[in-house]
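Structure data (compact mmCIF, C-alpha atoms) from input-v5.txt:
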```txt
# COMPACT_ATOMS: atom_id res chain seq x y z
CA MET Z 1 284.03 -100.10 -52.69
CA SER Z 2 280.84 -101.42 -51.10
CA THR Z 3 278.99 -104.57 -52.10
CA VAL Z 4 275.23 -104.38 -52.55
CA ILE Z 5 273.30 -107.49 -51.51
CA ASP Z 6 269.98 -108.12 -53.21
CA THR Z 7 267.74 -109.11 -50.32
CA ALA Z 8 264.74 -109.60 -52.61
CA ALA Z 9 266.30 -112.55 -54.41
CA PRO Z 10 264.86 -115.87 -53.25
CA VAL Z 11 267.14 -117.98 -51.15
CA LYS Z 12 267.16 -121.66 -52.05
CA ILE Z 13 267.66 -123.98 -49.14
CA ALA Z 14 269.12 -127.31 -50.06
CA GLN Z 15 267.10 -130.19 -48.74
CA ALA Z 16 268.72 -133.47 -48.04
CA LYS Z 17 267.37 -136.19 -50.28
CA PRO Z 18 267.10 -139.70 -48.97
CA PRO Z 19 269.62 -142.05 -50.51
CA ALA Z 20 268.32 -144.02 -53.45
CA SER Z 21 269.34 -147.31 -51.84
CA ARG Z 22 267.28 -146.69 -48.70
CA ILE Z 23 264.42 -149.18 -48.23
CA ASN Z 24 260.96 -147.78 -47.62
CA TRP Z 25 259.96 -150.14 -44.83
CA VAL Z 26 256.42 -148.75 -44.63
CA ARG Z 27 255.68 -149.77 -48.22
CA ALA Z 28 257.61 -153.00 -47.95
CA ALA Z 29 255.94 -154.07 -44.68
CA PRO Z 30 252.73 -155.53 -46.23
CA TRP Z 31 254.72 -157.69 -48.65
CA LEU Z 32 257.19 -158.81 -46.00
CA TYR Z 33 254.46 -159.71 -43.51
CA THR Z 34 252.52 -161.59 -46.19
CA LEU Z 35 255.59 -163.58 -47.20
CA ALA Z 36 256.30 -164.33 -43.55
CA LEU Z 37 252.73 -165.57 -43.08
CA PHE Z 38 252.95 -167.92 -46.07
CA ALA Z 39 256.38 -169.14 -44.94
CA ALA Z 40 255.13 -169.88 -41.43
CA TRP Z 41 252.08 -171.61 -42.90
CA GLU Z 42 254.26 -173.78 -45.14
CA VAL Z 43 256.60 -174.73 -42.28
CA LEU Z 44 253.68 -175.55 -39.98
CA VAL Z 45 252.08 -177.89 -42.52
CA LEU Z 46 255.39 -179.64 -43.19
CA ALA Z 47 256.30 -179.90 -39.51
CA LEU Z 48 252.93 -181.38 -38.52
CA ASP Z 49 252.64 -183.46 -41.70
CA MET Z 50 249.11 -182.18 -42.26
CA PRO Z 51 247.14 -183.89 -45.05
CA ALA Z 52 245.87 -181.65 -47.85
CA THR Z 53 242.28 -182.56 -46.96
CA ILE Z 54 242.74 -180.87 -43.57
CA LEU Z 55 245.10 -177.96 -44.18
CA PRO Z 56 246.84 -177.66 -47.55
CA SER Z 57 250.16 -175.88 -47.74
CA PRO Z 58 250.49 -172.60 -49.68
CA THR Z 59 252.32 -174.56 -52.37
CA ARG Z 60 249.30 -176.84 -52.86
CA VAL Z 61 246.97 -173.82 -52.86
CA PHE Z 62 248.98 -172.08 -55.59
CA GLN Z 63 249.04 -175.33 -57.56
CA ALA Z 64 245.25 -175.45 -57.31
CA ILE Z 65 245.05 -171.86 -58.58
CA VAL Z 66 247.11 -172.79 -61.63
CA GLN Z 67 245.22 -176.03 -62.20
CA TYR Z 68 241.73 -174.51 -61.88
CA TRP Z 69 242.56 -171.04 -63.14
CA SER Z 70 239.74 -170.84 -65.68
CA PRO Z 71 236.84 -171.51 -63.25
CA ILE Z 72 238.55 -169.49 -60.52
CA TRP Z 73 238.88 -166.49 -62.84
CA LYS Z 74 235.27 -166.67 -64.08
CA ASN Z 75 233.83 -167.10 -60.59
CA SER Z 76 236.05 -164.33 -59.22
CA LEU Z 77 234.70 -161.92 -61.83
CA GLN Z 78 231.15 -162.94 -60.96
CA THR Z 79 231.71 -162.34 -57.25
CA LEU Z 80 233.40 -159.02 -57.95
CA TYR Z 81 230.48 -158.00 -60.14
CA THR Z 82 227.77 -158.84 -57.61
CA THR Z 83 229.75 -157.24 -54.81
CA THR Z 84 230.38 -154.03 -56.75
CA VAL Z 85 226.76 -153.66 -57.84
CA GLY Z 86 225.42 -154.31 -54.34
CA PHE Z 87 227.99 -151.95 -52.86
CA ALA Z 88 227.10 -149.19 -55.36
CA ILE Z 89 223.43 -149.47 -54.42
CA ALA Z 90 224.41 -149.39 -50.74
CA VAL Z 91 226.44 -146.20 -51.26
CA VAL Z 92 223.53 -144.36 -52.88
CA ALA Z 93 220.89 -145.68 -50.46
CA GLY Z 94 223.10 -145.35 -47.41
CA LEU Z 95 224.00 -141.75 -48.18
CA GLY Z 96 220.36 -140.81 -48.81
CA ILE Z 97 219.01 -142.59 -45.73
CA GLY Z 98 221.84 -141.25 -43.58
CA LEU Z 99 221.10 -137.68 -44.63
CA PHE Z 100 217.40 -138.24 -43.96
CA ILE Z 101 217.99 -139.73 -40.50
CA GLY Z 102 220.47 -137.01 -39.55
CA TRP Z 103 218.14 -134.23 -40.72
CA SER Z 104 216.46 -133.84 -37.33
CA LYS Z 105 216.67 -135.27 -33.84
CA THR Z 106 213.09 -136.56 -34.10
CA ILE Z 107 213.79 -138.59 -37.24
CA TYR Z 108 217.08 -139.79 -35.75
CA ALA Z 109 215.38 -140.98 -32.55
CA GLY Z 110 212.55 -142.65 -34.45
CA LEU Z 111 214.38 -144.50 -37.21
CA TYR Z 112 217.72 -145.31 -35.62
CA PRO Z 113 216.36 -148.13 -33.38
CA LEU Z 114 214.63 -149.65 -36.42
CA MET Z 115 217.90 -149.58 -38.36
CA ILE Z 116 219.70 -151.30 -35.49
CA GLY Z 117 217.02 -153.98 -35.27
CA PHE Z 118 217.20 -154.64 -39.01
CA ASN Z 119 220.99 -154.84 -38.92
CA ALA Z 120 220.82 -157.35 -36.05
CA ILE Z 121 219.02 -159.85 -38.31
CA PRO Z 122 221.52 -162.32 -39.79
CA LYS Z 123 221.50 -161.69 -43.52
CA VAL Z 124 221.91 -165.39 -44.26
CA ALA Z 125 218.39 -165.79 -42.87
CA LEU Z 126 217.10 -163.39 -45.53
CA VAL Z 127 218.63 -165.29 -48.46
CA PRO Z 128 215.81 -167.90 -48.64
CA ILE Z 129 213.27 -165.07 -48.74
CA LEU Z 130 215.19 -163.36 -51.55
CA VAL Z 131 215.28 -166.67 -53.42
CA ILE Z 132 211.49 -166.98 -53.12
CA TRP Z 133 211.08 -163.44 -54.45
CA PHE Z 134 213.75 -163.34 -57.16
CA GLY Z 135 214.85 -166.94 -57.74
CA ILE Z 136 218.35 -168.41 -57.67
CA GLY Z 137 221.03 -166.32 -59.35
CA THR Z 138 222.69 -162.94 -59.32
CA VAL Z 139 219.87 -160.82 -57.87
CA PRO Z 140 219.86 -162.40 -54.37
CA ALA Z 141 223.65 -162.05 -54.19
CA VAL Z 142 223.48 -158.37 -55.17
CA LEU Z 143 220.72 -157.67 -52.67
CA THR Z 144 222.51 -159.54 -49.88
CA ALA Z 145 225.66 -157.51 -50.54
CA PHE Z 146 223.55 -154.36 -50.41
CA LEU Z 147 221.69 -155.28 -47.23
CA ILE Z 148 224.83 -156.16 -45.30
CA SER Z 149 226.90 -153.16 -46.41
CA PHE Z 150 224.59 -150.16 -46.32
CA PHE Z 151 224.20 -149.98 -42.52
CA PRO Z 152 227.76 -148.69 -41.76
CA ILE Z 153 227.25 -145.96 -44.37
CA VAL Z 154 223.93 -144.89 -42.86
CA VAL Z 155 225.33 -144.84 -39.33
CA ASN Z 156 228.42 -142.83 -40.23
CA VAL Z 157 226.57 -140.23 -42.30
CA ALA Z 158 223.87 -139.82 -39.65
CA THR Z 159 226.53 -139.56 -36.93
CA GLY Z 160 228.37 -136.86 -38.87
CA LEU Z 161 225.20 -134.81 -39.13
CA ALA Z 162 224.07 -135.43 -35.56
CA THR Z 163 227.38 -134.29 -34.04
CA ILE Z 164 227.31 -130.72 -35.34
CA GLU Z 165 228.24 -128.43 -32.46
CA PRO Z 166 225.18 -126.59 -31.06
CA GLU Z 167 227.27 -123.42 -30.89
CA THR Z 168 227.85 -123.59 -34.63
CA GLU Z 169 224.13 -123.95 -35.31
CA ASP Z 170 223.31 -121.06 -32.97
CA VAL Z 171 225.81 -118.77 -34.68
CA LEU Z 172 224.54 -119.66 -38.15
CA ARG Z 173 220.92 -119.15 -37.10
CA ALA Z 174 221.84 -115.77 -35.60
CA LEU Z 175 223.30 -114.86 -38.98
CA GLY Z 176 220.02 -115.75 -40.68
CA ALA Z 177 220.88 -119.24 -41.93
CA ARG Z 178 218.05 -121.69 -42.48
CA LYS Z 179 218.03 -125.40 -41.70
CA MET Z 180 218.88 -126.22 -45.32
CA ASP Z 181 221.79 -123.75 -45.28
CA ILE Z 182 223.22 -125.35 -42.15
CA MET Z 183 222.94 -128.82 -43.68
CA LEU Z 184 224.50 -127.85 -47.01
CA LYS Z 185 227.31 -125.65 -45.70
CA VAL Z 186 228.18 -127.37 -42.42
CA GLY Z 187 226.39 -130.67 -41.95
CA ILE Z 188 227.14 -132.43 -45.23
CA PRO Z 189 230.81 -131.31 -45.44
CA ARG Z 190 231.25 -132.42 -41.83
CA SER Z 191 229.78 -135.85 -42.54
CA MET Z 192 231.94 -136.50 -45.61
CA PRO Z 193 234.96 -137.86 -43.67
CA TYR Z 194 232.57 -140.22 -41.87
CA PHE Z 195 230.98 -141.22 -45.18
CA PHE Z 196 234.18 -141.95 -47.08
CA GLY Z 197 235.66 -143.68 -44.04
CA SER Z 198 232.64 -145.99 -43.87
CA LEU Z 199 233.18 -147.12 -47.47
CA LYS Z 200 236.24 -149.13 -46.40
CA ILE Z 201 234.12 -151.09 -43.93
CA ALA Z 202 231.15 -151.42 -46.25
CA ILE Z 203 233.10 -152.88 -49.19
CA THR Z 204 234.49 -155.72 -47.09
CA LEU Z 205 231.02 -156.50 -45.74
CA ALA Z 206 229.66 -156.50 -49.29
CA PHE Z 207 232.00 -159.38 -50.14
CA VAL Z 208 230.67 -161.30 -47.15
CA GLY Z 209 227.11 -160.81 -48.35
CA SER Z 210 227.89 -161.90 -51.90
CA VAL Z 211 229.70 -165.07 -50.85
CA VAL Z 212 227.00 -166.04 -48.34
CA SER Z 213 224.31 -165.73 -51.00
CA GLU Z 214 226.40 -167.48 -53.66
CA THR Z 215 226.97 -170.38 -51.29
CA VAL Z 216 223.26 -170.83 -50.62
CA ALA Z 217 221.43 -169.62 -53.73
CA SER Z 218 223.61 -169.30 -56.82
CA ASN Z 219 225.19 -171.42 -59.52
CA TYR Z 220 228.08 -169.00 -60.03
CA GLY Z 221 230.60 -167.10 -57.97
CA LEU Z 222 233.39 -167.99 -55.57
CA GLY Z 223 230.90 -168.96 -52.87
CA ASN Z 224 229.30 -171.58 -55.11
CA MET Z 225 232.71 -172.78 -56.31
CA MET Z 226 234.00 -173.24 -52.77
CA SER Z 227 230.81 -175.01 -51.72
CA SER Z 228 231.13 -177.45 -54.63
CA ALA Z 229 234.84 -177.99 -53.89
CA GLN Z 230 234.03 -178.66 -50.24
CA SER Z 231 231.49 -181.34 -51.18
CA GLN Z 232 234.23 -183.02 -53.26
CA PHE Z 233 236.82 -182.69 -50.44
CA ASN Z 234 238.94 -180.51 -52.73
CA VAL Z 235 240.27 -178.43 -49.86
CA PRO Z 236 243.13 -176.80 -51.85
CA LEU Z 237 240.51 -175.35 -54.22
CA VAL Z 238 238.54 -174.06 -51.25
CA PHE Z 239 241.62 -172.25 -49.96
CA ALA Z 240 242.32 -170.98 -53.47
CA GLY Z 241 238.86 -169.39 -53.48
CA LEU Z 242 239.51 -167.87 -50.08
CA LEU Z 243 242.81 -166.45 -51.33
CA MET Z 244 241.10 -164.88 -54.35
CA LEU Z 245 238.49 -163.35 -52.06
CA ALA Z 246 241.24 -161.90 -49.90
CA ILE Z 247 242.97 -160.39 -52.94
CA GLU Z 248 239.75 -158.84 -54.23
CA GLY Z 249 238.89 -157.50 -50.79
CA ILE Z 250 242.32 -155.93 -50.31
CA ALA Z 251 242.19 -154.36 -53.77
CA MET Z 252 238.75 -152.84 -53.23
CA TYR Z 253 239.68 -151.68 -49.72
CA ALA Z 254 242.79 -149.98 -51.13
CA LEU Z 255 240.62 -148.29 -53.77
CA MET Z 256 238.22 -146.97 -51.11
CA ALA Z 257 241.16 -145.76 -49.01
CA TRP Z 258 242.56 -143.92 -52.04
CA ILE Z 259 239.18 -142.28 -52.67
CA GLU Z 260 239.01 -141.29 -49.01
CA ARG Z 261 242.42 -139.62 -49.16
CA ARG Z 262 241.52 -137.81 -52.38
CA MET Z 263 238.15 -136.54 -51.17
CA THR Z 264 238.77 -135.88 -47.46
CA GLY Z 265 242.51 -135.39 -47.19
CA TRP Z 266 241.83 -132.04 -45.52
CA ALA Z 267 240.29 -133.85 -42.54
CA HIS Z 268 243.43 -135.91 -41.79
CA ARG Z 269 246.06 -133.68 -40.23
CA SER Z 270 247.95 -136.02 -37.94
CA THR Z 271 250.44 -138.71 -38.84
CA MET Z 272 251.52 -141.77 -36.90
CA ALA Z 273 255.14 -142.26 -36.02
CA ASN Z 274 257.06 -145.13 -37.58
```
Whole structure, structure tokens version:
Amino acid sequence: MSTVIDTAAPVKIAQAKPPASRINWVRAAPWLYTLALFAAWEVLVLALDMPATILPSPTRVFQAIVQYWSPIWKNSLQTLYTTTVGFAIAVVAGLGIGLFIGWSKTIYAGLYPLMIGFNAIPKVALVPILVIWFGIGTVPAVLTAFLISFFPIVVNVATGLATIEPETEDVLRALGARKMDIMLKVGIPRSMPYFFGSLKIAITLAFVGSVVSETVASNYGLGNMMSSAQSQFNVPLVFAGLLMLAIEGIAMYALMAWIERRMTGWAHRSTMAN
């Protein structure tokens, strides 16, 4: 009696599952390194007996956060608001200007040096001009965040368009494609990884612009709060503001990184070893 084997039936291959108790060191690394940094900071302050007016310990900083939580929270929201609005304007303007600059080699050669020259101007020097035009308040902070963060977006988008392989353009032109077809079907998709990658840099620069403007020309925001605390020698509050800025920056950077993975995951094929 012969046995018939159904070769069409799918064969399930058992895959070994990692044990539940195994620690994911990649995900735990940021928390462990942060805790190690705060621990080393605390030990250094205690060992050197540093006064709080010079370098407060993390314990004193967290106490200041609890003590001044209400103003810290309100000013943090204000800084996040100005940074987000300025960054949103930079995304729209940077994408449009980058596409315009990368449209042709002539435009690229003509406008790129002007963009570099404008970016070389310290944005803190523009804050007094913005104050003259718009007064003290939110508008100069938003515009400073925009001015300091849109340049990386422009450069990356223009670079993505300018680095299209000539062979690809020749083939598409031989097939009857126009300049607009090449831009829409090759140029813009090619520049998207550059664009979304630049958002991670731009969002951190936007925070710098907001805080610089708030320090000089605003009555609200973490920059103004830290400037007032510095004038009162309340150094723990200054470090509390810096810590809140770091938390906001990390959160927004993580959001931009998540958007990058969602939108351009196809462009990232390699992985780094542990």
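Note that CA of Ala158 in chain Z and CA of Val92 in chain Z are 14.0 Å apart.
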Using all atoms listed in the file for the distances, tell me which of Z:Ala64, Z:Leu99, Z:Met225, Z:Ala141 is nearest to Val155 in chain Z. Z:Leu99
Proximity to Met256 in chain Z - best of Z:Phe195, Z:Asn24, Z:Ala145, Z:Asn224, only C-alpha atoms: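 Selected residue with least distance to Met256 in chain Z: Z:Phe195.
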Close residues, Ile148 in chain Z itself excluded, 9 Å, all atoms listed in the file, min 4 positions apart in chain, as a VMD selection string: chain Z and resid 90 119 122 to 123 143 to 144 152 202 205 to 206 208 to 209
Just give me the gap between CA of Gly223 in chain Z and CA of Thr53 in chain Z in Å, one decimal is fine.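 Interatomic distance here is 18.7 Å.
Taking CA of Gly221 in chain Z as the reference point, CA of Thr79 in chain Z is found at 4.9 Å.
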Counting all atoms listed in the file, note down every residue that has an atom within 7 Å of the point (217.3, -170.3, -58.9) (file coordinates), as number ranges by chain. Z: 131, 135-137, 217-218
I need the residue nearest Val127 in chain Z from this list: Z:Leu48, Z:Ala174, Z:Val211, Z:Leu55. Use all atoms listed in the file for the distance. Z:Val211
For a cut-off of 6 Å around (227.0, -167.1, -47.6), file coordinates, pick out all residues using all atoms listed in the file and list them as a list in words.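 Selection result: Val211, Val212, Ser213 and Thr215 of chain Z.
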Given all atoms listed in the file as the counted atoms, nearest of Z:Thr106, Z:Ser198, Z:Ser70, Z:Thr163 to Gly94 in chain Z: Z:Ser198
Contact residues around Leu255 in chain Z with all atoms listed in the file at 12 Å, ignoring same-chain residues under 2 positions, as a PyMOL selection string: chain Z and resi 196-197+199-200+203-204+248-253+257-262
Counting all atoms listed in the file, what is within 10 Å of Ser227 in chain Z, bar same-chain residues fewer than 2 positions away, as a ChimeraX atom specification? /Z:214-216,222-225,229-234,238,241
Any chance you could export the current selection's C-alpha atoms as a PDB file, keeping the file's coordinate frame?
```pdb
ATOM      1  CA  GLU Z 214     226.400-167.480 -53.660  1.00  0.00           C
ATOM      2  CA  THR Z 215     226.970-170.380 -51.290  1.00  0.00           C
ATOM      3  CA  VAL Z 216     223.260-170.830 -50.620  1.00  0.00           C
ATOM      4  CA  LEU Z 222     233.390-167.990 -55.570  1.00  0.00           C
ATOM      5  CA  GLY Z 223     230.900-168.960 -52.870  1.00  0.00           C
ATOM      6  CA  ASN Z 224     229.300-171.580 -55.110  1.00  0.00           C
ATOM      7  CA  MET Z 225     232.710-172.780 -56.310  1.00  0.00           C
ATOM      8  CA  ALA Z 229     234.840-177.990 -53.890  1.00  0.00           C
ATOM      9  CA  GLN Z 230     234.030-178.660 -50.240  1.00  0.00           C
ATOM     10  CA  SER Z 231     231.490-181.340 -51.180  1.00  0.00           C
ATOM     11  CA  GLN Z 232     234.230-183.020 -53.260  1.00  0.00           C
ATOM     12  CA  PHE Z 233     236.820-182.690 -50.440  1.00  0.00           C
ATOM     13  CA  ASN Z 234     238.940-180.510 -52.730  1.00  0.00           C
ATOM     14  CA  VAL Z 238     238.540-174.060 -51.250  1.00  0.00           C
ATOM     15  CA  GLY Z 241     238.860-169.390 -53.480  1.00  0.00           C
TER      16      GLY Z 241
END
```
Using all atoms listed in the file, can you tell me which of Z:Pro56, Z:Gly102, Z:Pro71, Z:Pro236 comes closest to Gly187 in chain Z? Z:Gly102
